[in-house]
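Structure data (PDB, C-alpha atoms and all ligand atoms) from structure_11.pdb:
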MODEL        1
ATOM      1  CA  MET Q 143       0.000   0.000   0.000  1.00  0.00           C
ATOM      2  CA  ASN Q 144       1.139   3.544  -0.516  1.00  0.00           C
ATOM      3  CA  LEU Q 145       0.135   7.121   0.156  1.00  0.00           C
ATOM      4  CA  ASN Q 146       0.649   9.919  -2.323  1.00  0.00           C
ATOM      5  CA  ILE Q 147       0.852  13.348  -0.715  1.00  0.00           C
ATOM      6  CA  LEU Q 148       0.939  16.820  -2.238  1.00  0.00           C
ATOM      7  CA  CYS Q 149       2.278  19.725  -0.171  1.00  0.00           C
ATOM      8  CA  LEU Q 150       1.204  23.077  -1.516  1.00  0.00           C
ATOM      9  CA  TYR Q 151       3.654  25.979  -1.193  1.00  0.00           C
ATOM     10  CA  PRO Q 152       5.701  24.357   1.609  1.00  0.00           C
ATOM     11  CA  ASN Q 153       8.442  26.973   1.223  1.00  0.00           C
ATOM     12  CA  ILE Q 154       5.947  29.820   1.775  1.00  0.00           C
ATOM     13  CA  MET Q 155       3.184  28.450   4.002  1.00  0.00           C
ATOM     14  CA  ASP Q 156       4.992  26.775   6.895  1.00  0.00           C
ATOM     15  CA  LEU Q 157       4.292  28.856   9.991  1.00  0.00           C
ATOM     16  CA  TYR Q 158       5.341  27.211  13.262  1.00  0.00           C
ATOM     17  CA  GLY Q 159       6.562  24.134  11.382  1.00  0.00           C
ATOM     18  CA  ASP Q 160       3.198  23.215   9.861  1.00  0.00           C
ATOM     19  CA  ASN Q 161       4.972  20.959   7.355  1.00  0.00           C
ATOM     20  CA  GLY Q 162       5.821  18.771  10.344  1.00  0.00           C
ATOM     21  CA  ASN Q 163       2.285  17.429  10.010  1.00  0.00           C
ATOM     22  CA  ILE Q 164       3.318  15.665   6.840  1.00  0.00           C
ATOM     23  CA  GLU Q 165       6.420  14.276   8.552  1.00  0.00           C
ATOM     24  CA  ILE Q 166       4.114  12.757  11.149  1.00  0.00           C
ATOM     25  CA  ILE Q 167       1.881  11.165   8.517  1.00  0.00           C
ATOM     26  CA  LYS Q 168       4.980   9.776   6.810  1.00  0.00           C
ATOM     27  CA  TYR Q 169       6.458   8.435  10.054  1.00  0.00           C
ATOM     28  CA  ARG Q 170       3.224   6.756  11.145  1.00  0.00           C
ATOM     29  CA  ALA Q 171       2.613   5.276   7.700  1.00  0.00           C
ATOM     30  CA  LEU Q 172       6.167   3.928   7.294  1.00  0.00           C
ATOM     31  CA  LYS Q 173       5.960   2.273  10.736  1.00  0.00           C
ATOM     32  CA  ARG Q 174       3.080   0.244   9.307  1.00  0.00           C
ATOM     33  CA  GLY Q 175       4.903  -0.661   6.112  1.00  0.00           C
ATOM     34  CA  ILE Q 176       2.902   1.823   4.031  1.00  0.00           C
ATOM     35  CA  GLU Q 177       5.046   3.563   1.437  1.00  0.00           C
ATOM     36  CA  VAL Q 178       4.847   7.341   1.235  1.00  0.00           C
ATOM     37  CA  ASN Q 179       5.534   9.643  -1.676  1.00  0.00           C
ATOM     38  CA  ILE Q 180       5.589  13.373  -0.967  1.00  0.00           C
ATOM     39  CA  ASP Q 181       5.572  15.931  -3.780  1.00  0.00           C
ATOM     40  CA  ALA Q 182       5.739  19.659  -3.363  1.00  0.00           C
ATOM     41  CA  TYR Q 183       4.243  22.343  -5.525  1.00  0.00           C
ATOM     42  CA  THR Q 184       5.230  25.973  -5.283  1.00  0.00           C
ATOM     43  CA  ILE Q 185       5.138  29.080  -7.493  1.00  0.00           C
ATOM     44  CA  ASN Q 186       6.747  28.536 -10.921  1.00  0.00           C
ATOM     45  CA  ASP Q 187       6.727  24.732 -10.606  1.00  0.00           C
ATOM     46  CA  GLU Q 188       4.988  22.575 -13.148  1.00  0.00           C
ATOM     47  CA  ASP Q 189       1.248  22.235 -12.388  1.00  0.00           C
ATOM     48  CA  PRO Q 190       0.539  19.236 -10.166  1.00  0.00           C
ATOM     49  CA  ASP Q 191      -2.064  16.647 -11.128  1.00  0.00           C
ATOM     50  CA  PHE Q 192      -4.315  16.941  -8.077  1.00  0.00           C
ATOM     51  CA  TYR Q 193      -6.217  13.744  -8.902  1.00  0.00           C
ATOM     52  CA  ASN Q 194      -3.043  11.680  -8.427  1.00  0.00           C
ATOM     53  CA  TYR Q 195      -2.949  12.353  -4.706  1.00  0.00           C
ATOM     54  CA  ASP Q 196      -4.570  10.874  -1.629  1.00  0.00           C
ATOM     55  CA  LEU Q 197      -3.847  13.837   0.623  1.00  0.00           C
ATOM     56  CA  VAL Q 198      -3.257  17.511  -0.125  1.00  0.00           C
ATOM     57  CA  PHE Q 199      -1.747  19.750   2.534  1.00  0.00           C
ATOM     58  CA  LEU Q 200      -1.563  23.535   2.888  1.00  0.00           C
ATOM     59  CA  GLY Q 201      -0.082  25.184   5.963  1.00  0.00           C
ATOM     60  CA  GLY Q 202      -0.353  28.656   7.461  1.00  0.00           C
ATOM     61  CA  GLY Q 203       1.330  31.891   6.518  1.00  0.00           C
ATOM     62  CA  SER Q 204       1.553  35.563   7.335  1.00  0.00           C
ATOM     63  CA  ASP Q 205      -0.706  38.035   5.528  1.00  0.00           C
ATOM     64  CA  LYS Q 206       2.131  38.878   3.131  1.00  0.00           C
ATOM     65  CA  GLU Q 207       2.681  35.237   2.244  1.00  0.00           C
ATOM     66  CA  GLN Q 208      -1.034  34.568   1.909  1.00  0.00           C
ATOM     67  CA  LYS Q 209      -1.318  37.371  -0.621  1.00  0.00           C
ATOM     68  CA  VAL Q 210       1.388  35.812  -2.813  1.00  0.00           C
ATOM     69  CA  VAL Q 211      -0.124  32.332  -2.582  1.00  0.00           C
ATOM     70  CA  ALA Q 212      -3.693  33.549  -3.178  1.00  0.00           C
ATOM     71  CA  LYS Q 213      -2.689  34.973  -6.564  1.00  0.00           C
ATOM     72  CA  ASP Q 214      -1.172  31.662  -7.672  1.00  0.00           C
ATOM     73  CA  ILE Q 215      -3.524  29.070  -6.178  1.00  0.00           C
ATOM     74  CA  ILE Q 216      -6.586  30.559  -7.864  1.00  0.00           C
ATOM     75  CA  LYS Q 217      -5.544  28.940 -11.170  1.00  0.00           C
ATOM     76  CA  PHE Q 218      -6.157  25.531  -9.557  1.00  0.00           C
ATOM     77  CA  LYS Q 219      -9.645  26.323  -8.268  1.00  0.00           C
ATOM     78  CA  LYS Q 220     -11.377  23.843 -10.576  1.00  0.00           C
ATOM     79  CA  GLN Q 221      -8.961  20.977  -9.884  1.00  0.00           C
ATOM     80  CA  ILE Q 222      -9.094  21.598  -6.146  1.00  0.00           C
ATOM     81  CA  GLU Q 223     -12.880  21.739  -6.104  1.00  0.00           C
ATOM     82  CA  ARG Q 224     -13.204  18.588  -8.185  1.00  0.00           C
ATOM     83  CA  SER Q 225     -10.595  16.691  -6.169  1.00  0.00           C
ATOM     84  CA  ILE Q 226     -12.475  17.552  -2.973  1.00  0.00           C
ATOM     85  CA  ASN Q 227     -15.690  16.355  -4.596  1.00  0.00           C
ATOM     86  CA  ILE Q 228     -14.153  12.986  -5.462  1.00  0.00           C
ATOM     87  CA  GLY Q 229     -13.005  12.527  -1.871  1.00  0.00           C
ATOM     88  CA  ILE Q 230      -9.306  13.415  -1.857  1.00  0.00           C
ATOM     89  CA  PHE Q 231      -8.402  14.481   1.681  1.00  0.00           C
ATOM     90  CA  TYR Q 232      -7.394  18.106   2.338  1.00  0.00           C
ATOM     91  CA  LEU Q 233      -5.666  19.251   5.508  1.00  0.00           C
ATOM     92  CA  LEU Q 234      -5.550  23.050   5.760  1.00  0.00           C
ATOM     93  CA  ILE Q 235      -3.947  24.991   8.572  1.00  0.00           C
ATOM     94  CA  CYS Q 236      -4.645  28.592   9.574  1.00  0.00           C
ATOM     95  CA  GLY Q 237      -3.747  30.815   6.580  1.00  0.00           C
ATOM     96  CA  GLY Q 238      -4.365  27.791   4.328  1.00  0.00           C
ATOM     97  CA  PHE Q 239      -7.768  27.258   5.930  1.00  0.00           C
ATOM     98  CA  GLN Q 240      -8.602  30.943   5.391  1.00  0.00           C
ATOM     99  CA  LEU Q 241      -7.682  30.757   1.693  1.00  0.00           C
ATOM    100  CA  PHE Q 242     -10.325  28.100   1.002  1.00  0.00           C
ATOM    101  CA  GLY Q 243     -13.081  30.485   2.095  1.00  0.00           C
ATOM    102  CA  LYS Q 244     -14.568  33.484   0.283  1.00  0.00           C
ATOM    103  CA  TYR Q 245     -11.952  36.042   1.257  1.00  0.00           C
ATOM    104  CA  TYR Q 246      -9.537  37.218   3.906  1.00  0.00           C
ATOM    105  CA  LYS Q 247      -9.576  40.906   4.851  1.00  0.00           C
ATOM    106  CA  ASP Q 248      -6.210  41.685   6.412  1.00  0.00           C
ATOM    107  CA  SER Q 249      -5.464  44.183   9.195  1.00  0.00           C
ATOM    108  CA  GLU Q 250      -4.994  46.974   6.629  1.00  0.00           C
ATOM    109  CA  ASN Q 251      -8.397  46.259   5.085  1.00  0.00           C
ATOM    110  CA  ASN Q 252      -6.909  44.714   1.927  1.00  0.00           C
ATOM    111  CA  ILE Q 253      -9.048  41.947   0.537  1.00  0.00           C
ATOM    112  CA  ILE Q 254      -7.244  38.742  -0.379  1.00  0.00           C
ATOM    113  CA  GLU Q 255      -9.577  36.695  -2.558  1.00  0.00           C
ATOM    114  CA  GLY Q 256     -10.065  33.111  -1.400  1.00  0.00           C
ATOM    115  CA  LEU Q 257     -10.773  30.058  -3.542  1.00  0.00           C
ATOM    116  CA  ASN Q 258     -14.421  30.409  -2.547  1.00  0.00           C
ATOM    117  CA  ILE Q 259     -14.799  26.675  -2.141  1.00  0.00           C
ATOM    118  CA  PHE Q 260     -16.497  27.076   1.225  1.00  0.00           C
ATOM    119  CA  ASN Q 261     -18.920  29.721   2.438  1.00  0.00           C
ATOM    120  CA  TYR Q 262     -16.926  31.087   5.328  1.00  0.00           C
ATOM    121  CA  TYR Q 263     -14.952  34.343   5.231  1.00  0.00           C
ATOM    122  CA  THR Q 264     -12.283  35.868   7.420  1.00  0.00           C
ATOM    123  CA  GLU Q 265     -11.749  39.408   8.600  1.00  0.00           C
ATOM    124  CA  SER Q 266      -8.826  40.591  10.638  1.00  0.00           C
ATOM    125  CA  SER Q 267      -9.138  43.148  13.387  1.00  0.00           C
ATOM    126  CA  THR Q 268      -7.596  46.478  12.307  1.00  0.00           C
ATOM    127  CA  ASN Q 269      -5.772  46.518  15.634  1.00  0.00           C
ATOM    128  CA  LYS Q 270      -2.730  44.364  14.839  1.00  0.00           C
ATOM    129  CA  LYS Q 271      -2.304  43.615  18.532  1.00  0.00           C
ATOM    130  CA  GLU Q 272      -5.681  41.888  18.716  1.00  0.00           C
ATOM    131  CA  ARG Q 273      -4.876  38.282  17.896  1.00  0.00           C
ATOM    132  CA  CYS Q 274      -6.079  34.919  19.136  1.00  0.00           C
ATOM    133  CA  ILE Q 275      -2.858  33.531  20.557  1.00  0.00           C
ATOM    134  CA  GLY Q 276      -2.183  30.579  22.814  1.00  0.00           C
ATOM    135  CA  ASN Q 277      -2.899  26.977  23.539  1.00  0.00           C
ATOM    136  CA  ILE Q 278      -6.236  25.640  22.433  1.00  0.00           C
ATOM    137  CA  VAL Q 279      -8.241  22.475  23.084  1.00  0.00           C
ATOM    138  CA  ILE Q 280     -11.271  21.454  21.076  1.00  0.00           C
ATOM    139  CA  LYS Q 281     -13.631  18.510  21.292  1.00  0.00           C
ATOM    140  CA  SER Q 282     -14.276  16.941  17.936  1.00  0.00           C
ATOM    141  CA  GLN Q 283     -16.303  14.019  16.613  1.00  0.00           C
ATOM    142  CA  ILE Q 284     -13.937  11.748  14.736  1.00  0.00           C
ATOM    143  CA  GLU Q 285     -15.474   8.538  13.426  1.00  0.00           C
ATOM    144  CA  ASN Q 286     -18.344   8.929  15.901  1.00  0.00           C
ATOM    145  CA  ASN Q 287     -16.008   9.214  18.875  1.00  0.00           C
ATOM    146  CA  ASN Q 288     -15.264  12.296  20.909  1.00  0.00           C
ATOM    147  CA  LEU Q 289     -11.651  13.328  20.522  1.00  0.00           C
ATOM    148  CA  GLU Q 290      -9.927  16.125  22.404  1.00  0.00           C
ATOM    149  CA  ILE Q 291      -7.582  17.882  20.011  1.00  0.00           C
ATOM    150  CA  LEU Q 292      -4.761  20.016  21.352  1.00  0.00           C
ATOM    151  CA  GLY Q 293      -2.877  22.748  19.526  1.00  0.00           C
ATOM    152  CA  PHE Q 294      -1.608  26.284  19.423  1.00  0.00           C
ATOM    153  CA  GLU Q 295      -3.424  29.140  17.686  1.00  0.00           C
ATOM    154  CA  ASN Q 296      -2.055  32.455  16.484  1.00  0.00           C
ATOM    155  CA  HIS Q 297      -4.341  34.359  14.150  1.00  0.00           C
ATOM    156  CA  GLY Q 298      -5.644  37.879  13.731  1.00  0.00           C
ATOM    157  CA  GLY Q 299      -8.220  36.643  11.243  1.00  0.00           C
ATOM    158  CA  GLN Q 300     -11.724  36.029  12.564  1.00  0.00           C
ATOM    159  CA  THR Q 301     -13.525  33.408  10.536  1.00  0.00           C
ATOM    160  CA  TYR Q 302     -17.309  33.687  10.228  1.00  0.00           C
ATOM    161  CA  ASN Q 303     -20.044  31.538   8.762  1.00  0.00           C
ATOM    162  CA  VAL Q 304     -18.538  28.065   9.154  1.00  0.00           C
ATOM    163  CA  ASP Q 305     -21.440  25.640   8.871  1.00  0.00           C
ATOM    164  CA  THR Q 306     -19.650  22.453   9.990  1.00  0.00           C
ATOM    165  CA  PRO Q 307     -16.872  23.256  12.487  1.00  0.00           C
ATOM    166  CA  LEU Q 308     -14.125  20.803  13.403  1.00  0.00           C
ATOM    167  CA  GLY Q 309     -14.887  20.993  17.084  1.00  0.00           C
ATOM    168  CA  GLU Q 310     -16.260  22.686  20.141  1.00  0.00           C
ATOM    169  CA  VAL Q 311     -13.773  24.918  21.976  1.00  0.00           C
ATOM    170  CA  LEU Q 312     -12.907  23.716  25.491  1.00  0.00           C
ATOM    171  CA  TYR Q 313      -9.990  26.093  25.975  1.00  0.00           C
ATOM    172  CA  GLY Q 314      -8.802  29.009  23.823  1.00  0.00           C
ATOM    173  CA  ASN Q 315     -10.566  31.081  21.173  1.00  0.00           C
ATOM    174  CA  GLY Q 316     -11.438  29.211  17.979  1.00  0.00           C
ATOM    175  CA  ASN Q 317     -12.741  30.692  14.730  1.00  0.00           C
ATOM    176  CA  THR Q 318     -13.171  34.131  16.324  1.00  0.00           C
ATOM    177  CA  PHE Q 319     -12.328  35.571  19.746  1.00  0.00           C
ATOM    178  CA  LYS Q 320     -14.010  33.454  22.406  1.00  0.00           C
ATOM    179  CA  ASN Q 321     -15.920  31.407  19.859  1.00  0.00           C
ATOM    180  CA  LYS Q 322     -17.694  28.192  20.811  1.00  0.00           C
ATOM    181  CA  PHE Q 323     -16.372  26.477  17.705  1.00  0.00           C
ATOM    182  CA  GLU Q 324     -13.157  25.964  15.831  1.00  0.00           C
ATOM    183  CA  GLY Q 325     -12.164  25.034  12.292  1.00  0.00           C
ATOM    184  CA  LEU Q 326     -14.052  23.282   9.539  1.00  0.00           C
ATOM    185  CA  LYS Q 327     -14.747  19.592   9.086  1.00  0.00           C
ATOM    186  CA  LYS Q 328     -16.184  17.852   6.091  1.00  0.00           C
ATOM    187  CA  GLU Q 329     -15.825  14.139   5.520  1.00  0.00           C
ATOM    188  CA  ASN Q 330     -12.576  14.649   3.627  1.00  0.00           C
ATOM    189  CA  VAL Q 331     -11.543  18.189   4.619  1.00  0.00           C
ATOM    190  CA  ILE Q 332     -10.119  19.505   7.850  1.00  0.00           C
ATOM    191  CA  GLY Q 333      -9.441  23.220   8.118  1.00  0.00           C
ATOM    192  CA  THR Q 334      -8.140  24.430  11.463  1.00  0.00           C
ATOM    193  CA  TYR Q 335      -6.312  27.199  13.281  1.00  0.00           C
ATOM    194  CA  LEU Q 336      -4.385  24.611  15.271  1.00  0.00           C
ATOM    195  CA  HIS Q 337      -0.681  24.702  14.591  1.00  0.00           C
ATOM    196  CA  GLY Q 338       1.516  22.739  16.790  1.00  0.00           C
ATOM    197  CA  PRO Q 339       2.190  20.823  14.623  1.00  0.00           C
ATOM    198  CA  LEU Q 340      -1.280  19.508  15.006  1.00  0.00           C
ATOM    199  CA  LEU Q 341      -0.618  15.855  14.191  1.00  0.00           C
ATOM    200  CA  SER Q 342       2.395  15.328  16.467  1.00  0.00           C
ATOM    201  CA  LYS Q 343       0.233  16.391  19.406  1.00  0.00           C
ATOM    202  CA  ASN Q 344      -2.775  14.401  18.232  1.00  0.00           C
ATOM    203  CA  PRO Q 345      -1.652  11.062  16.785  1.00  0.00           C
ATOM    204  CA  GLU Q 346      -5.293   9.859  16.722  1.00  0.00           C
ATOM    205  CA  LEU Q 347      -6.045  12.529  14.138  1.00  0.00           C
ATOM    206  CA  ALA Q 348      -3.032  11.541  12.042  1.00  0.00           C
ATOM    207  CA  ASP Q 349      -4.271   7.943  12.027  1.00  0.00           C
ATOM    208  CA  TYR Q 350      -7.782   9.044  11.093  1.00  0.00           C
ATOM    209  CA  ILE Q 351      -6.375  10.804   8.021  1.00  0.00           C
ATOM    210  CA  ILE Q 352      -4.133   7.860   7.036  1.00  0.00           C
ATOM    211  CA  LYS Q 353      -7.021   5.417   7.450  1.00  0.00           C
ATOM    212  CA  TYR Q 354      -9.411   7.609   5.468  1.00  0.00           C
ATOM    213  CA  CYS Q 355      -6.914   7.960   2.597  1.00  0.00           C
ATOM    214  CA  LEU Q 356      -6.170   4.225   2.428  1.00  0.00           C
ATOM    215  CA  GLU Q 357      -9.815   3.160   2.669  1.00  0.00           C
ATOM    216  CA  ARG Q 358     -10.743   5.494  -0.145  1.00  0.00           C
ATOM    217  CA  LYS Q 359      -7.838   4.446  -2.321  1.00  0.00           C
ATOM    218  CA  TYR Q 360      -8.079   0.693  -1.820  1.00  0.00           C
ATOM    219  CA  ASN Q 361     -11.828   0.614  -1.357  1.00  0.00           C
ATOM    220  CA  LYS Q 362     -11.717  -1.680   1.666  1.00  0.00           C
ATOM    221  CA  LYS Q 363     -11.874  -1.462   5.447  1.00  0.00           C
ATOM    222  CA  ILE Q 364      -8.448  -0.752   6.924  1.00  0.00           C
ATOM    223  CA  THR Q 365      -7.377  -1.443  10.502  1.00  0.00           C
ATOM    224  CA  LEU Q 366      -4.145   0.319  11.304  1.00  0.00           C
ATOM    225  CA  LYS Q 367      -1.653  -1.507  13.488  1.00  0.00           C
ATOM    226  CA  LYS Q 368      -1.395   0.159  16.916  1.00  0.00           C
ATOM    227  CA  LEU Q 369       1.808   2.118  17.463  1.00  0.00           C
ATOM    228  CA  ASP Q 370       3.554   2.763  20.738  1.00  0.00           C
ATOM    229  CA  ASP Q 371       2.267   6.274  21.499  1.00  0.00           C
ATOM    230  CA  GLU Q 372       2.990   6.192  25.209  1.00  0.00           C
ATOM    231  CA  PHE Q 373       5.093   9.332  25.115  1.00  0.00           C
ATOM    232  CA  GLU Q 374       2.655  11.274  22.912  1.00  0.00           C
ATOM    233  CA  ILE Q 375      -0.323  10.263  25.053  1.00  0.00           C
ATOM    234  CA  LYS Q 376       1.433  11.257  28.292  1.00  0.00           C
ATOM    235  CA  ALA Q 377       2.506  14.618  26.853  1.00  0.00           C
ATOM    236  CA  LYS Q 378      -1.004  15.315  25.619  1.00  0.00           C
ATOM    237  CA  LYS Q 379      -2.619  14.302  28.892  1.00  0.00           C
ATOM    238  CA  GLU Q 380      -0.275  16.560  30.833  1.00  0.00           C
ATOM    239  CA  MET Q 381      -1.291  19.563  28.717  1.00  0.00           C
ATOM    240  CA  LEU Q 382      -5.000  18.705  28.703  1.00  0.00           C
ATOM    241  CA  ASP Q 383      -5.036  18.344  32.487  1.00  0.00           C
ATOM    242  CA  LYS Q 384      -3.236  21.637  32.902  1.00  0.00           C
ATOM    243  CA  LEU Q 385      -5.383  23.623  30.458  1.00  0.00           C
ATOM    244  CA  LEU Q 386      -8.771  22.152  31.242  1.00  0.00           C
ATOM    245  CA  THR Q 387      -8.268  22.376  34.998  1.00  0.00           C
ATOM    246  CA  THR Q 388      -7.111  26.007  34.715  1.00  0.00           C
ATOM    247  CA  SER Q 389     -10.162  26.876  32.643  1.00  0.00           C
ATOM    248  CA  LYS Q 390     -12.503  25.480  35.287  1.00  0.00           C
ATOM    249  CA  SER Q 391     -10.857  27.161  38.267  1.00  0.00           C
TER     250      SER Q 391
HETATM  251  N1  LIG Q 401      -2.336  35.808   8.465  1.00  0.00           N
HETATM  252  C1  LIG Q 401      -3.386  35.095   9.060  1.00  0.00           C
HETATM  253  C2  LIG Q 401      -3.882  35.679  10.370  1.00  0.00           C
HETATM  254  O1  LIG Q 401      -3.163  36.348  11.063  1.00  0.00           O
HETATM  255  C3  LIG Q 401      -2.976  33.650   9.240  1.00  0.00           C
HETATM  256  C4  LIG Q 401      -1.870  33.460  10.203  1.00  0.00           C
HETATM  257  C5  LIG Q 401      -1.451  32.034  10.359  1.00  0.00           C
HETATM  258  O2  LIG Q 401      -1.442  31.250   9.403  1.00  0.00           O
HETATM  259  N2  LIG Q 401      -1.004  31.720  11.571  1.00  0.00           N
HETATM  260  O3  LIG Q 401      -5.018  35.435  10.706  1.00  0.00           O
ENDMDL
END
Represent the structure of the file as structure tokens.
Amino acid sequence: MNLNILCLYPNIMDLYGDNGNIEIIKYRALKRGIEVNIDAYTINDEDPDFYNYDLVFLGGGSDKEQKVVAKDIIKFKKQIERSINIGIFYLLICGGFQLFGKYYKDSENNIIEGLNIFNYYTESSTNKKERCIGNIVIKSQIENNNLEILGFENHGGQTYNVDTPLGEVLYGNGNTFKNKFEGLKKENVIGTYLHGPLLSKNPELADYIIKYCLERKYNKKITLKKLDDEFEIKAKKEMLDKLLTTSKS
């Protein structure tokens, strides 16, 4: 079995080591004997064939970087839309998540056009100091189970009109200041403000994505071999205990 991954603009959209998410997918797949091929696309490269991939990844970026990427990515709107419709998995972090919505209005009121694939839109506060920054915990439904997802958010952008969020906020801000919800979740799309990198802190989510991609590709039920996640689980528990206890006191 193998996984084919496309990283979009990894040299531009890699805030807080977002590309590490793909390293985690690779590591966890290889441990199970699943081969992994990772291709990158960035400005001036040959156009990628989106339909060849099982997973497409886009990380976060500053406003300046988002502006550059927005101008280029728009030429792939049709391929991206169609590849989402046929079930290819998309993982989008922060600035990448924002770019899949209608638009992003930055702190200087410039409009950066989004791909307009989803109905949400993002507006930044004009006060550059007003940002959602810090640890965040959300409760998400992954394969009908509740999963606490831990990460770190740092965004000025406030995202409105998300119809199917990734999770309920237990600690932190979410899609806007003090929002009840965070991110976007469709069957084969996760958009989120959680950096971290997200998947090193939440191995369950990494496995969900690997499993989804393999089941779609091979059209059969996949059971992933359990890995020794003792260290990851302990580290996560430590943070969850600390954050969720603080929020209650
Ligand atoms: N520039 C965007 C914002 O500040 C996204 C930042 C990010 O990707 N962390 O909201």
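Of the listed residues (Q:Asn251, Q:Asn296, Q:Asn261, Q:Asn179), Q:Asn296 comes nearest to Gly338 of chain Q; the distances count all atoms listed in the file.
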Could you make a table, as a tab-separated table, of the residues of chain Q that have an atom within 9 Å of an atom of ligand LIG 401 (chain Q), each with its nearest atom pair and distance in Å to one decimal, counting only C-alpha atoms and all ligand atoms, in chain and number order?
residue	atom	partner	partner_atom	distance
Q:Met155	CA	Q:LIG401	O2	7.6
Q:Asp156	CA	Q:LIG401	O2	8.2
Q:Leu157	CA	Q:LIG401	N2	6.2
Q:Tyr158	CA	Q:LIG401	N2	8.0
Q:Gly201	CA	Q:LIG401	O2	7.1
Q:Gly202	CA	Q:LIG401	O2	3.4
Q:Gly203	CA	Q:LIG401	O2	4.1
Q:Ser204	CA	Q:LIG401	N1	4.1
Q:Asp205	CA	Q:LIG401	N1	4.0
Q:Lys206	CA	Q:LIG401	N1	7.6
Q:Glu207	CA	Q:LIG401	N1	8.0
Q:Gln208	CA	Q:LIG401	N1	6.8
Q:Ile235	CA	Q:LIG401	O2	6.8
Q:Cys236	CA	Q:LIG401	O2	4.2
Q:Gly237	CA	Q:LIG401	O2	3.7
Q:Gly238	CA	Q:LIG401	O2	6.8
Q:Phe239	CA	Q:LIG401	O2	8.2
Q:Gln240	CA	Q:LIG401	C3	7.3
Q:Tyr246	CA	Q:LIG401	C1	8.3
Q:Asp248	CA	Q:LIG401	N1	7.3
Q:Ser249	CA	Q:LIG401	O1	8.4
Q:Thr264	CA	Q:LIG401	O3	8.0
Q:Glu265	CA	Q:LIG401	O3	8.1
Q:Ser266	CA	Q:LIG401	O3	6.4
Q:Lys270	CA	Q:LIG401	O1	8.9
Q:Arg273	CA	Q:LIG401	O1	7.3
Q:Cys274	CA	Q:LIG401	O3	8.5
Q:Glu295	CA	Q:LIG401	N2	7.1
Q:Asn296	CA	Q:LIG401	N2	5.1
Q:His297	CA	Q:LIG401	O3	3.7
Q:Gly298	CA	Q:LIG401	O3	3.9
Q:Gly299	CA	Q:LIG401	O3	3.5
Q:Gln300	CA	Q:LIG401	O3	7.0
Q:Thr301	CA	Q:LIG401	O3	8.7
Q:Tyr335	CA	Q:LIG401	N2	7.2
Q:Leu336	CA	Q:LIG401	N2	8.7
Q:His337	CA	Q:LIG401	N2	7.6
Original post:
What's the 10 Å shell around Lys353 of chain Q, counting only C-alpha atoms, without same-chain residues fewer than 6 positions away, as a PyMOL selection string?
Top reply: chain Q and resi 171+347+359+363-366
**OP:** Would you please work out which residue, of Q:Ile375, Q:Ile280, Q:Leu233, Q:Ile185, is nearest to Ile164 of chain Q when using all atoms listed in the file?
**Re:**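 Nearest to Ile164 of chain Q: Q:Leu233.
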**OP:** Find the residues near Ala182 of chain Q: any atom within 9 Å, counting only C-alpha atoms, skip ones fewer than 5 places away on the same chain, and give them as a ChimeraX atom specification.
**Re:** /Q:147-152,187,190
**OP:** Compile the contact shell of Leu145 of chain Q as a ChimeraX atom specification: residues with an atom at most 8 Å away, counting all atoms listed in the file, same-chain residues fewer than 3 positions apart removed.
**Re:** /Q:176-179,195-197,355-356
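Using only C-alpha atoms for every distance, the candidate list Q:Met381, Q:Ile230, Q:Val210, Q:Val304 yields Q:Val304 as the residue closest to Gly325 of chain Q.
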Subject >> Near-segment 288-290 of chain Q list (12 Å; only C-alpha atoms; drop same-chain fewer than 2 positions) as a PyMOL selection string >> reply: chain Q and resi 278-286+292-293+308-313+340+343-347+350+375+378-379+381-383+385-386
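One distance worth recording is that between atom CA of Ile253 of chain Q and atom CA of Leu241 of chain Q, which is 11.3 Å.
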Subject >> Atomic distance atom CA of Glu188 of chain Q - atom CA of Gln221 of chain Q, expressed in Å with one decimal >> reply: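 Value for the atom CA of Glu188 of chain Q-atom CA of Gln221 of chain Q distance: 14.4 Å.
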Picked residues, the PyMOL selection byres (((chain Q and resi 232) around 7) and not hetatm), as a PDB file with C-alpha atoms, in the coordinates of the input:
ATOM      1  CA  LEU Q 197      -3.847  13.837   0.623  1.00  0.00           C
ATOM      2  CA  VAL Q 198      -3.257  17.511  -0.125  1.00  0.00           C
ATOM      3  CA  PHE Q 199      -1.747  19.750   2.534  1.00  0.00           C
ATOM      4  CA  ILE Q 230      -9.306  13.415  -1.857  1.00  0.00           C
ATOM      5  CA  PHE Q 231      -8.402  14.481   1.681  1.00  0.00           C
ATOM      6  CA  LEU Q 233      -5.666  19.251   5.508  1.00  0.00           C
ATOM      7  CA  LEU Q 234      -5.550  23.050   5.760  1.00  0.00           C
ATOM      8  CA  ASN Q 330     -12.576  14.649   3.627  1.00  0.00           C
ATOM      9  CA  VAL Q 331     -11.543  18.189   4.619  1.00  0.00           C
ATOM     10  CA  ILE Q 332     -10.119  19.505   7.850  1.00  0.00           C
TER      11      ILE Q 332
END
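The space separating atom CA of Tyr263 of chain Q from atom CA of Tyr302 of chain Q comes to 5.6 Å.
The nearest approach to Lys244 of chain Q among the residues Q:Tyr354, Q:Asn153, Q:Ala212, Q:Ile228, with only C-alpha atoms taken into account, belongs to Q:Ala212.
Between Gly333 of chain Q and the candidates Q:Asn303, Q:Asn287, Q:Leu200, Q:Gly256, the tightest atom-to-atom separation, counting all atoms listed in the file, involves Q:Leu200.
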Original post:
So which residues get picked by the PyMOL selection byres (((chain Q and resi 258) around 6) and not hetatm) here, written as a list of chain:residue names?
Top reply: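 Applied to this file, the PyMOL selection byres (((chain Q and resi 258) around 6) and not hetatm) selects Q:Phe242, Q:Gly243, Q:Lys244, Q:Gly256, Q:Leu257, Q:Ile259, Q:Phe260.
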Export of the given selection (C-alpha atoms) as a tab-separated table (two decimals), in the coordinates of the input:
chain	number	residue	atom	x	y	z
Q	242	PHE	CA	-10.32	28.10	1.00
Q	243	GLY	CA	-13.08	30.48	2.10
Q	244	LYS	CA	-14.57	33.48	0.28
Q	256	GLY	CA	-10.06	33.11	-1.40
Q	257	LEU	CA	-10.77	30.06	-3.54
Q	259	ILE	CA	-14.80	26.68	-2.14
Q	260	PHE	CA	-16.50	27.08	1.23
